$ cat data-v5.cif   # mmCIF, C-alpha atoms, pLDDT in the B column; chains and numbers go by the auth columns
data_protein
#
loop_
_atom_site.group_PDB
_atom_site.id
_atom_site.type_symbol
_atom_site.label_atom_id
_atom_site.label_comp_id
_atom_site.label_asym_id
_atom_site.label_seq_id
_atom_site.Cartn_x
_atom_site.Cartn_y
_atom_site.Cartn_z
_atom_site.B_iso_or_equiv
_atom_site.auth_seq_id
_atom_site.auth_asym_id
ATOM 1 C CA MET A 1 -69.623 -28.961 71.501 49.00 1 Q
ATOM 2 C CA LYS A 2 -67.444 -30.229 74.328 54.00 2 Q
ATOM 3 C CA TRP A 3 -67.029 -28.196 77.470 53.00 3 Q
ATOM 4 C CA ARG A 4 -63.680 -28.101 79.109 51.00 4 Q
ATOM 5 C CA THR A 5 -63.427 -27.755 82.852 49.00 5 Q
ATOM 6 C CA THR A 6 -60.340 -26.214 84.365 48.00 6 Q
ATOM 7 C CA THR A 7 -59.381 -25.589 87.930 47.00 7 Q
ATOM 8 C CA VAL A 8 -57.827 -22.239 88.694 44.00 8 Q
ATOM 9 C CA ASP A 9 -55.795 -21.568 91.798 47.00 9 Q
ATOM 10 C CA LEU A 10 -57.454 -18.318 92.866 44.00 10 Q
ATOM 11 C CA GLU A 11 -54.777 -17.721 95.496 49.00 11 Q
ATOM 12 C CA LYS A 12 -52.299 -16.935 92.705 46.00 12 Q
ATOM 13 C CA TYR A 13 -54.570 -14.254 91.263 46.00 13 Q
ATOM 14 C CA MET A 14 -56.164 -12.731 94.353 54.00 14 Q
ATOM 15 C CA LYS A 15 -54.138 -10.182 96.283 68.00 15 Q
ATOM 16 C CA LYS A 16 -54.249 -10.659 100.015 76.00 16 Q
ATOM 17 C CA SER A 17 -55.018 -7.767 102.324 75.00 17 Q
ATOM 18 C CA LYS A 18 -52.192 -6.947 104.683 86.00 18 Q
ATOM 19 C CA LEU A 19 -53.630 -3.863 106.355 91.00 19 Q
ATOM 20 C CA ILE A 20 -57.237 -3.281 107.365 92.00 20 Q
ATOM 21 C CA ASN A 21 -58.955 -0.121 108.515 93.00 21 Q
ATOM 22 C CA PHE A 22 -62.392 -0.231 110.125 94.00 22 Q
ATOM 23 C CA THR A 23 -63.967 3.199 110.464 94.00 23 Q
ATOM 24 C CA THR A 24 -67.316 4.092 111.989 95.00 24 Q
ATOM 25 C CA GLN A 25 -69.216 7.303 111.365 94.00 25 Q
ATOM 26 C CA ASP A 26 -71.899 8.522 113.770 95.00 26 Q
ATOM 27 C CA PHE A 27 -74.580 10.941 112.566 94.00 27 Q
ATOM 28 C CA ILE A 28 -76.972 13.136 114.517 94.00 28 Q
ATOM 29 C CA SER A 29 -79.948 11.541 112.754 94.00 29 Q
ATOM 30 C CA GLU A 30 -80.968 8.889 110.274 94.00 30 Q
ATOM 31 C CA LYS A 31 -81.675 11.651 107.743 95.00 31 Q
ATOM 32 C CA GLU A 32 -78.071 12.888 108.014 94.00 32 Q
ATOM 33 C CA LEU A 33 -76.830 9.329 107.462 95.00 33 Q
ATOM 34 C CA GLU A 34 -79.014 9.005 104.360 95.00 34 Q
ATOM 35 C CA LEU A 35 -77.759 12.377 103.100 94.00 35 Q
ATOM 36 C CA LYS A 36 -74.163 11.174 103.437 93.00 36 Q
ATOM 37 C CA LEU A 37 -74.943 7.995 101.449 95.00 37 Q
ATOM 38 C CA TYR A 38 -76.719 10.019 98.775 95.00 38 Q
ATOM 39 C CA ARG A 39 -73.780 12.424 98.422 92.00 39 Q
ATOM 40 C CA TRP A 40 -71.246 9.588 98.310 93.00 40 Q
ATOM 41 C CA ASP A 41 -73.235 7.882 95.575 95.00 41 Q
ATOM 42 C CA LYS A 42 -72.947 11.058 93.488 94.00 42 Q
ATOM 43 C CA VAL A 43 -69.127 11.316 93.725 93.00 43 Q
ATOM 44 C CA LYS A 44 -67.776 7.810 94.298 94.00 44 Q
ATOM 45 C CA GLU A 45 -66.963 7.191 90.623 96.00 45 Q
ATOM 46 C CA LYS A 46 -64.426 10.014 90.900 96.00 46 Q
ATOM 47 C CA TYR A 47 -62.615 8.439 93.876 96.00 47 Q
ATOM 48 C CA ILE A 48 -62.931 4.644 93.628 96.00 48 Q
ATOM 49 C CA PRO A 49 -60.626 4.243 90.580 97.00 49 Q
ATOM 50 C CA LYS A 50 -57.944 6.419 92.239 97.00 50 Q
ATOM 51 C CA LEU A 51 -58.126 4.407 95.461 97.00 51 Q
ATOM 52 C CA LYS A 52 -57.921 1.121 93.576 96.00 52 Q
ATOM 53 C CA GLU A 53 -54.930 2.409 91.616 97.00 53 Q
ATOM 54 C CA ASN A 54 -53.164 3.249 94.880 97.00 54 Q
ATOM 55 C CA GLY A 55 -53.605 -0.222 96.401 95.00 55 Q
ATOM 56 C CA LEU A 56 -57.038 -0.296 98.023 96.00 56 Q
ATOM 57 C CA LEU A 57 -58.266 -3.855 97.485 94.00 57 Q
ATOM 58 C CA ARG A 58 -61.732 -3.899 99.004 93.00 58 Q
ATOM 59 C CA VAL A 59 -64.326 -1.598 100.551 94.00 59 Q
ATOM 60 C CA VAL A 60 -67.417 -2.679 102.469 94.00 60 Q
ATOM 61 C CA THR A 61 -69.932 -0.200 103.878 95.00 61 Q
ATOM 62 C CA THR A 62 -72.344 -1.376 106.542 95.00 62 Q
ATOM 63 C CA LYS A 63 -75.272 0.146 108.383 95.00 63 Q
ATOM 64 C CA ILE A 64 -74.739 -0.638 112.057 94.00 64 Q
ATOM 65 C CA TRP A 65 -78.098 -1.878 113.318 91.00 65 Q
ATOM 66 C CA ASN A 66 -77.437 -3.268 116.792 87.00 66 Q
ATOM 67 C CA LYS A 67 -77.010 0.089 118.549 82.00 67 Q
ATOM 68 C CA ASP A 68 -80.372 1.548 119.539 86.00 68 Q
ATOM 69 C CA GLY A 69 -80.737 5.266 118.988 88.00 69 Q
ATOM 70 C CA ILE A 70 -77.461 5.614 117.061 92.00 70 Q
ATOM 71 C CA SER A 71 -77.257 6.379 113.350 95.00 71 Q
ATOM 72 C CA ARG A 72 -73.958 4.725 112.411 95.00 72 Q
ATOM 73 C CA LEU A 73 -72.153 3.508 109.325 95.00 73 Q
ATOM 74 C CA GLY A 74 -69.198 1.134 109.353 95.00 74 Q
ATOM 75 C CA HIS A 75 -66.590 1.053 106.605 95.00 75 Q
ATOM 76 C CA LEU A 76 -64.092 -1.749 106.078 94.00 76 Q
ATOM 77 C CA PHE A 77 -61.076 -0.882 103.926 95.00 77 Q
ATOM 78 C CA GLU A 78 -58.550 -3.528 102.918 94.00 78 Q
ATOM 79 C CA TYR A 79 -55.149 -2.494 101.547 94.00 79 Q
ATOM 80 C CA GLU A 80 -52.281 -4.315 99.849 92.00 80 Q
ATOM 81 C CA ASP A 81 -49.897 -3.006 102.504 92.00 81 Q
ATOM 82 C CA GLU A 82 -48.961 0.040 104.575 92.00 82 Q
ATOM 83 C CA LYS A 83 -47.524 1.792 101.511 95.00 83 Q
ATOM 84 C CA ALA A 84 -50.899 1.501 99.734 95.00 84 Q
ATOM 85 C CA TYR A 85 -52.651 2.798 102.850 95.00 85 Q
ATOM 86 C CA LYS A 86 -50.411 5.879 102.929 96.00 86 Q
ATOM 87 C CA LYS A 87 -50.921 6.536 99.205 97.00 87 Q
ATOM 88 C CA CYS A 88 -54.710 6.499 99.683 97.00 88 Q
ATOM 89 C CA GLN A 89 -54.775 8.879 102.657 96.00 89 Q
ATOM 90 C CA PRO A 90 -54.704 12.174 100.675 97.00 90 Q
ATOM 91 C CA ILE A 91 -57.736 10.951 98.713 97.00 91 Q
ATOM 92 C CA PHE A 92 -59.627 10.064 101.887 94.00 92 Q
ATOM 93 C CA GLU A 93 -58.658 13.416 103.432 94.00 93 Q
ATOM 94 C CA GLU A 94 -60.224 15.190 100.458 94.00 94 Q
ATOM 95 C CA ILE A 95 -63.387 13.085 100.770 92.00 95 Q
ATOM 96 C CA GLU A 96 -63.617 13.724 104.514 88.00 96 Q
ATOM 97 C CA ARG A 97 -63.049 17.461 104.098 89.00 97 Q
ATOM 98 C CA LYS A 98 -65.969 17.675 101.682 86.00 98 Q
ATOM 99 C CA GLU A 99 -68.201 15.522 103.899 81.00 99 Q
ATOM 100 C CA LYS A 100 -67.603 17.702 106.925 79.00 100 Q
ATOM 101 C CA GLU A 101 -68.298 21.015 105.165 81.00 101 Q
ATOM 102 C CA ASP A 102 -71.896 21.050 106.318 82.00 102 Q
ATOM 103 C CA GLN A 103 -72.439 17.778 108.183 83.00 103 Q
ATOM 104 C CA LEU A 104 -71.534 16.919 111.753 87.00 104 Q
ATOM 105 C CA ILE A 105 -70.000 13.435 111.597 89.00 105 Q
ATOM 106 C CA LYS A 106 -68.093 11.747 114.425 91.00 106 Q
ATOM 107 C CA VAL A 107 -65.446 9.461 112.948 89.00 107 Q
ATOM 108 C CA PHE A 108 -63.707 6.611 114.829 91.00 108 Q
ATOM 109 C CA VAL A 109 -60.822 4.885 113.066 90.00 109 Q
ATOM 110 C CA ASN A 110 -59.287 1.487 113.873 89.00 110 Q
ATOM 111 C CA ARG A 111 -56.340 0.111 111.909 88.00 111 Q
ATOM 112 C CA GLY A 112 -54.667 -3.252 112.082 88.00 112 Q
ATOM 113 C CA ILE A 113 -52.396 -5.628 110.257 83.00 113 Q
ATOM 114 C CA VAL A 114 -53.793 -9.008 109.307 81.00 114 Q
ATOM 115 C CA LEU A 115 -52.534 -11.737 111.638 84.00 115 Q
ATOM 116 C CA GLU A 116 -54.898 -14.497 110.627 84.00 116 Q
ATOM 117 C CA GLU A 117 -57.601 -14.819 107.993 82.00 117 Q
ATOM 118 C CA TYR A 118 -60.249 -17.364 107.039 82.00 118 Q
ATOM 119 C CA ASP A 119 -62.131 -16.800 103.811 79.00 119 Q
ATOM 120 C CA PHE A 120 -64.811 -19.401 103.170 83.00 120 Q
ATOM 121 C CA ARG A 121 -66.275 -17.774 100.036 79.00 121 Q
ATOM 122 C CA ASN A 122 -64.257 -19.920 97.657 70.00 122 Q
ATOM 123 C CA ASN A 123 -64.209 -23.121 99.680 64.00 123 Q
ATOM 124 C CA GLU A 124 -64.218 -26.037 97.243 58.00 124 Q
ATOM 125 C CA ASP A 125 -65.095 -28.553 99.975 55.00 125 Q
ATOM 126 C CA ASP A 126 -68.772 -27.447 99.963 49.00 126 Q
#
$ encode --input "data-v5.cif" --output "structure tokens"
Amino acid sequence: MKWRTTTVDLEKYMKKSKLINFTTQDFISEKELELKLYRWDKVKEKYIPKLKENGLLRVVTTKIWNKDGISRLGHLFEYEDEKAYKKCQPIFEEIERKEKEDQLIKVFVNRGIVLEEYDFRNNEDD
């Protein structure tokens, strides 16, 4: 059997993020942070497909570790464009409303448009 090698231009198939939102959430304790992650894990399958459908391209959740005494999560959201961002907001408002029903969470939101990007994950020069 012969194997055929083809080169695919991933740029043609990968959508580029045009708008990025970086949100941090501060919790009163590590236990509250863990509770939030547990609850999200139970409901995310309901929301992720809707967000993707509306133009959310990528989500990354991080545990911020370089701030002593602070229980903090960071969330990176990448959108196709501002229109996609606006379409996703009612979904995020519903999520946030449910999160805040019985948890005290301080939320800090930063939004920006992409001016420059370097993505070395698919670098063929390696």
$ resolve_selection --input "data-v5.cif" --expression "the PyMOL selection byres ((chain Q and resi 51) around 12)" --output "CSV table (one decimal) with C-alpha atoms, keeping the file's coordinate frame"
chain,number,residue,atom,x,y,z
Q,44,LYS,CA,-67.8,7.8,94.3
Q,45,GLU,CA,-67.0,7.2,90.6
Q,46,LYS,CA,-64.4,10.0,90.9
Q,47,TYR,CA,-62.6,8.4,93.9
Q,48,ILE,CA,-62.9,4.6,93.6
Q,49,PRO,CA,-60.6,4.2,90.6
Q,50,LYS,CA,-57.9,6.4,92.2
Q,52,LYS,CA,-57.9,1.1,93.6
Q,53,GLU,CA,-54.9,2.4,91.6
Q,54,ASN,CA,-53.2,3.2,94.9
Q,55,GLY,CA,-53.6,-0.2,96.4
Q,56,LEU,CA,-57.0,-0.3,98.0
Q,57,LEU,CA,-58.3,-3.9,97.5
Q,58,ARG,CA,-61.7,-3.9,99.0
Q,59,VAL,CA,-64.3,-1.6,100.6
Q,77,PHE,CA,-61.1,-0.9,103.9
Q,78,GLU,CA,-58.6,-3.5,102.9
Q,79,TYR,CA,-55.1,-2.5,101.5
Q,80,GLU,CA,-52.3,-4.3,99.8
Q,84,ALA,CA,-50.9,1.5,99.7
Q,85,TYR,CA,-52.7,2.8,102.8
Q,86,LYS,CA,-50.4,5.9,102.9
Q,87,LYS,CA,-50.9,6.5,99.2
Q,88,CYS,CA,-54.7,6.5,99.7
Q,89,GLN,CA,-54.8,8.9,102.7
Q,90,PRO,CA,-54.7,12.2,100.7
Q,91,ILE,CA,-57.7,11.0,98.7
Q,92,PHE,CA,-59.6,10.1,101.9
Q,95,ILE,CA,-63.4,13.1,100.8
$ resolve_selection --input "data-v5.cif" --expression "the PyMOL selection byres ((chain Q and resi 60-73) around 6)" --output "list of chain:residue names"
Q:Thr24, Q:Gln25, Q:Asp26, Q:Phe27, Q:Ser29, Q:Glu30, Q:Val59, Q:Gly74, Q:His75, Q:Leu76
$ atom_distance --input "data-v5.cif" --atom1 "atom CA of Phe22 of chain Q" --atom2 "atom CA of Gly112 of chain Q"
8.5 Å
$ residues_around --input "data-v5.cif" --residues "Lys100 of chain Q" --least-positions-apart "6" --cutoff "12 Å" --atoms "only C-alpha atoms" --output "PyMOL selection string"
chain Q and resi 25+27+32+36+39+93-94+106-107
$ write_last_selection --input "data-v5.cif" --atoms "C-alpha atoms" --output "CSV table (one decimal), in the coordinates of the input"
chain,number,residue,atom,x,y,z
Q,25,GLN,CA,-69.2,7.3,111.4
Q,27,PHE,CA,-74.6,10.9,112.6
Q,32,GLU,CA,-78.1,12.9,108.0
Q,36,LYS,CA,-74.2,11.2,103.4
Q,39,ARG,CA,-73.8,12.4,98.4
Q,93,GLU,CA,-58.7,13.4,103.4
Q,94,GLU,CA,-60.2,15.2,100.5
Q,106,LYS,CA,-68.1,11.7,114.4
Q,107,VAL,CA,-65.4,9.5,112.9
$ atom_distance --input "data-v5.cif" --atom1 "atom CA of Phe108 of chain Q" --atom2 "atom CA of Glu34 of chain Q"
18.7 Å
$ closest_residue --input "data-v5.cif" --among "Q:Ser17, Q:Thr23, Q:Leu37, Q:Lys31" --to "Glu99 of chain Q" --atoms "only C-alpha atoms"
Q:Leu37
$ atom_distance --input "data-v5.cif" --atom1 "atom CA of Ile105 of chain Q" --atom2 "atom CA of Asp41 of chain Q"
17.3 Å
$ closest_residue --input "data-v5.cif" --among "Q:Glu96, Q:Asp102, Q:Glu82, Q:Val109" --to "Leu35 of chain Q" --atoms "only C-alpha atoms"
Q:Asp102
$ closest_residue --input "data-v5.cif" --among "Q:Ile28, Q:Asn21, Q:Val43, Q:Asp81" --to "Asn110 of chain Q" --atoms "all atoms listed in the file"
Q:Asn21
$ axis_aligned_box --input "data-v5.cif" --around "segment 56-73 of chain Q" --padding-each-side "6 Å" --output "JSON"
{"center_x": -68.9, "center_y": 1.2, "center_z": 108.5, "size_x": 35.7, "size_y": 22.3, "size_z": 34.1}
$ resolve_selection --input "data-v5.cif" --expression "the PyMOL selection byres ((chain Q and resi 114) around 7)" --output "list in words"
Lys18, Leu19, Ile20, Gly112, Ile113, Leu115 and Glu116 of chain Q
$ build_atoms --input "data-v5.cif" --residues "segment 12-32 of chain Q" --atoms "N, CA and C atoms" --output "PDB file, in the frame of the given file"
ATOM      1  N   LYS Q  12     -53.342 -17.546  93.529  1.00 46.00           N
ATOM      2  CA  LYS Q  12     -52.299 -16.935  92.705  1.00 46.00           C
ATOM      3  C   LYS Q  12     -52.747 -15.596  92.127  1.00 46.00           C
ATOM      4  N   TYR Q  13     -54.046 -15.437  91.939  1.00 46.00           N
ATOM      5  CA  TYR Q  13     -54.570 -14.254  91.263  1.00 46.00           C
ATOM      6  C   TYR Q  13     -55.182 -13.227  92.216  1.00 46.00           C
ATOM      7  N   MET Q  14     -55.538 -13.635  93.403  1.00 54.00           N
ATOM      8  CA  MET Q  14     -56.164 -12.731  94.353  1.00 54.00           C
ATOM      9  C   MET Q  14     -55.094 -12.134  95.256  1.00 54.00           C
ATOM     10  N   LYS Q  15     -55.064 -10.828  95.368  1.00 68.00           N
ATOM     11  CA  LYS Q  15     -54.138 -10.182  96.283  1.00 68.00           C
ATOM     12  C   LYS Q  15     -54.699 -10.293  97.693  1.00 68.00           C
ATOM     13  N   LYS Q  16     -53.844 -10.564  98.618  1.00 76.00           N
ATOM     14  CA  LYS Q  16     -54.249 -10.659 100.015  1.00 76.00           C
ATOM     15  C   LYS Q  16     -54.120  -9.303 100.696  1.00 76.00           C
ATOM     16  N   SER Q  17     -55.069  -8.998 101.549  1.00 75.00           N
ATOM     17  CA  SER Q  17     -55.018  -7.767 102.324  1.00 75.00           C
ATOM     18  C   SER Q  17     -54.001  -7.928 103.442  1.00 75.00           C
ATOM     19  N   LYS Q  18     -53.174  -6.918 103.606  1.00 86.00           N
ATOM     20  CA  LYS Q  18     -52.192  -6.947 104.683  1.00 86.00           C
ATOM     21  C   LYS Q  18     -52.501  -5.913 105.755  1.00 86.00           C
ATOM     22  N   LEU Q  19     -53.266  -4.896 105.398  1.00 91.00           N
ATOM     23  CA  LEU Q  19     -53.630  -3.863 106.355  1.00 91.00           C
ATOM     24  C   LEU Q  19     -55.122  -3.588 106.219  1.00 91.00           C
ATOM     25  N   ILE Q  20     -55.796  -3.513 107.349  1.00 92.00           N
ATOM     26  CA  ILE Q  20     -57.237  -3.281 107.365  1.00 92.00           C
ATOM     27  C   ILE Q  20     -57.543  -2.080 108.237  1.00 92.00           C
ATOM     28  N   ASN Q  21     -58.476  -1.278 107.771  1.00 93.00           N
ATOM     29  CA  ASN Q  21     -58.955  -0.121 108.515  1.00 93.00           C
ATOM     30  C   ASN Q  21     -60.457  -0.310 108.664  1.00 93.00           C
ATOM     31  N   PHE Q  22     -60.946  -0.219 109.904  1.00 94.00           N
ATOM     32  CA  PHE Q  22     -62.392  -0.231 110.125  1.00 94.00           C
ATOM     33  C   PHE Q  22     -62.754   1.102 110.750  1.00 94.00           C
ATOM     34  N   THR Q  23     -63.566   1.864 110.037  1.00 94.00           N
ATOM     35  CA  THR Q  23     -63.967   3.199 110.464  1.00 94.00           C
ATOM     36  C   THR Q  23     -65.466   3.225 110.691  1.00 94.00           C
ATOM     37  N   THR Q  24     -65.887   3.860 111.788  1.00 95.00           N
ATOM     38  CA  THR Q  24     -67.316   4.092 111.989  1.00 95.00           C
ATOM     39  C   THR Q  24     -67.577   5.589 111.915  1.00 95.00           C
ATOM     40  N   GLN Q  25     -68.766   5.918 111.442  1.00 94.00           N
ATOM     41  CA  GLN Q  25     -69.216   7.303 111.365  1.00 94.00           C
ATOM     42  C   GLN Q  25     -70.562   7.400 112.064  1.00 94.00           C
ATOM     43  N   ASP Q  26     -70.653   8.278 113.054  1.00 95.00           N
ATOM     44  CA  ASP Q  26     -71.899   8.522 113.770  1.00 95.00           C
ATOM     45  C   ASP Q  26     -72.515   9.826 113.277  1.00 95.00           C
ATOM     46  N   PHE Q  27     -73.827   9.796 113.076  1.00 94.00           N
ATOM     47  CA  PHE Q  27     -74.580  10.941 112.566  1.00 94.00           C
ATOM     48  C   PHE Q  27     -75.604  11.373 113.597  1.00 94.00           C
ATOM     49  N   ILE Q  28     -76.014  12.637 113.532  1.00 94.00           N
ATOM     50  CA  ILE Q  28     -76.972  13.136 114.517  1.00 94.00           C
ATOM     51  C   ILE Q  28     -78.382  12.608 114.266  1.00 94.00           C
ATOM     52  N   SER Q  29     -78.625  12.094 113.055  1.00 94.00           N
ATOM     53  CA  SER Q  29     -79.948  11.541 112.754  1.00 94.00           C
ATOM     54  C   SER Q  29     -79.845  10.572 111.583  1.00 94.00           C
ATOM     55  N   GLU Q  30     -80.895   9.818 111.412  1.00 94.00           N
ATOM     56  CA  GLU Q  30     -80.968   8.889 110.274  1.00 94.00           C
ATOM     57  C   GLU Q  30     -80.985   9.650 108.947  1.00 94.00           C
ATOM     58  N   LYS Q  31     -81.629  10.817 108.956  1.00 95.00           N
ATOM     59  CA  LYS Q  31     -81.675  11.651 107.743  1.00 95.00           C
ATOM     60  C   LYS Q  31     -80.274  12.117 107.339  1.00 95.00           C
ATOM     61  N   GLU Q  32     -79.443  12.475 108.303  1.00 94.00           N
ATOM     62  CA  GLU Q  32     -78.071  12.888 108.014  1.00 94.00           C
ATOM     63  C   GLU Q  32     -77.265  11.717 107.446  1.00 94.00           C
TER      64      GLU Q  32
END
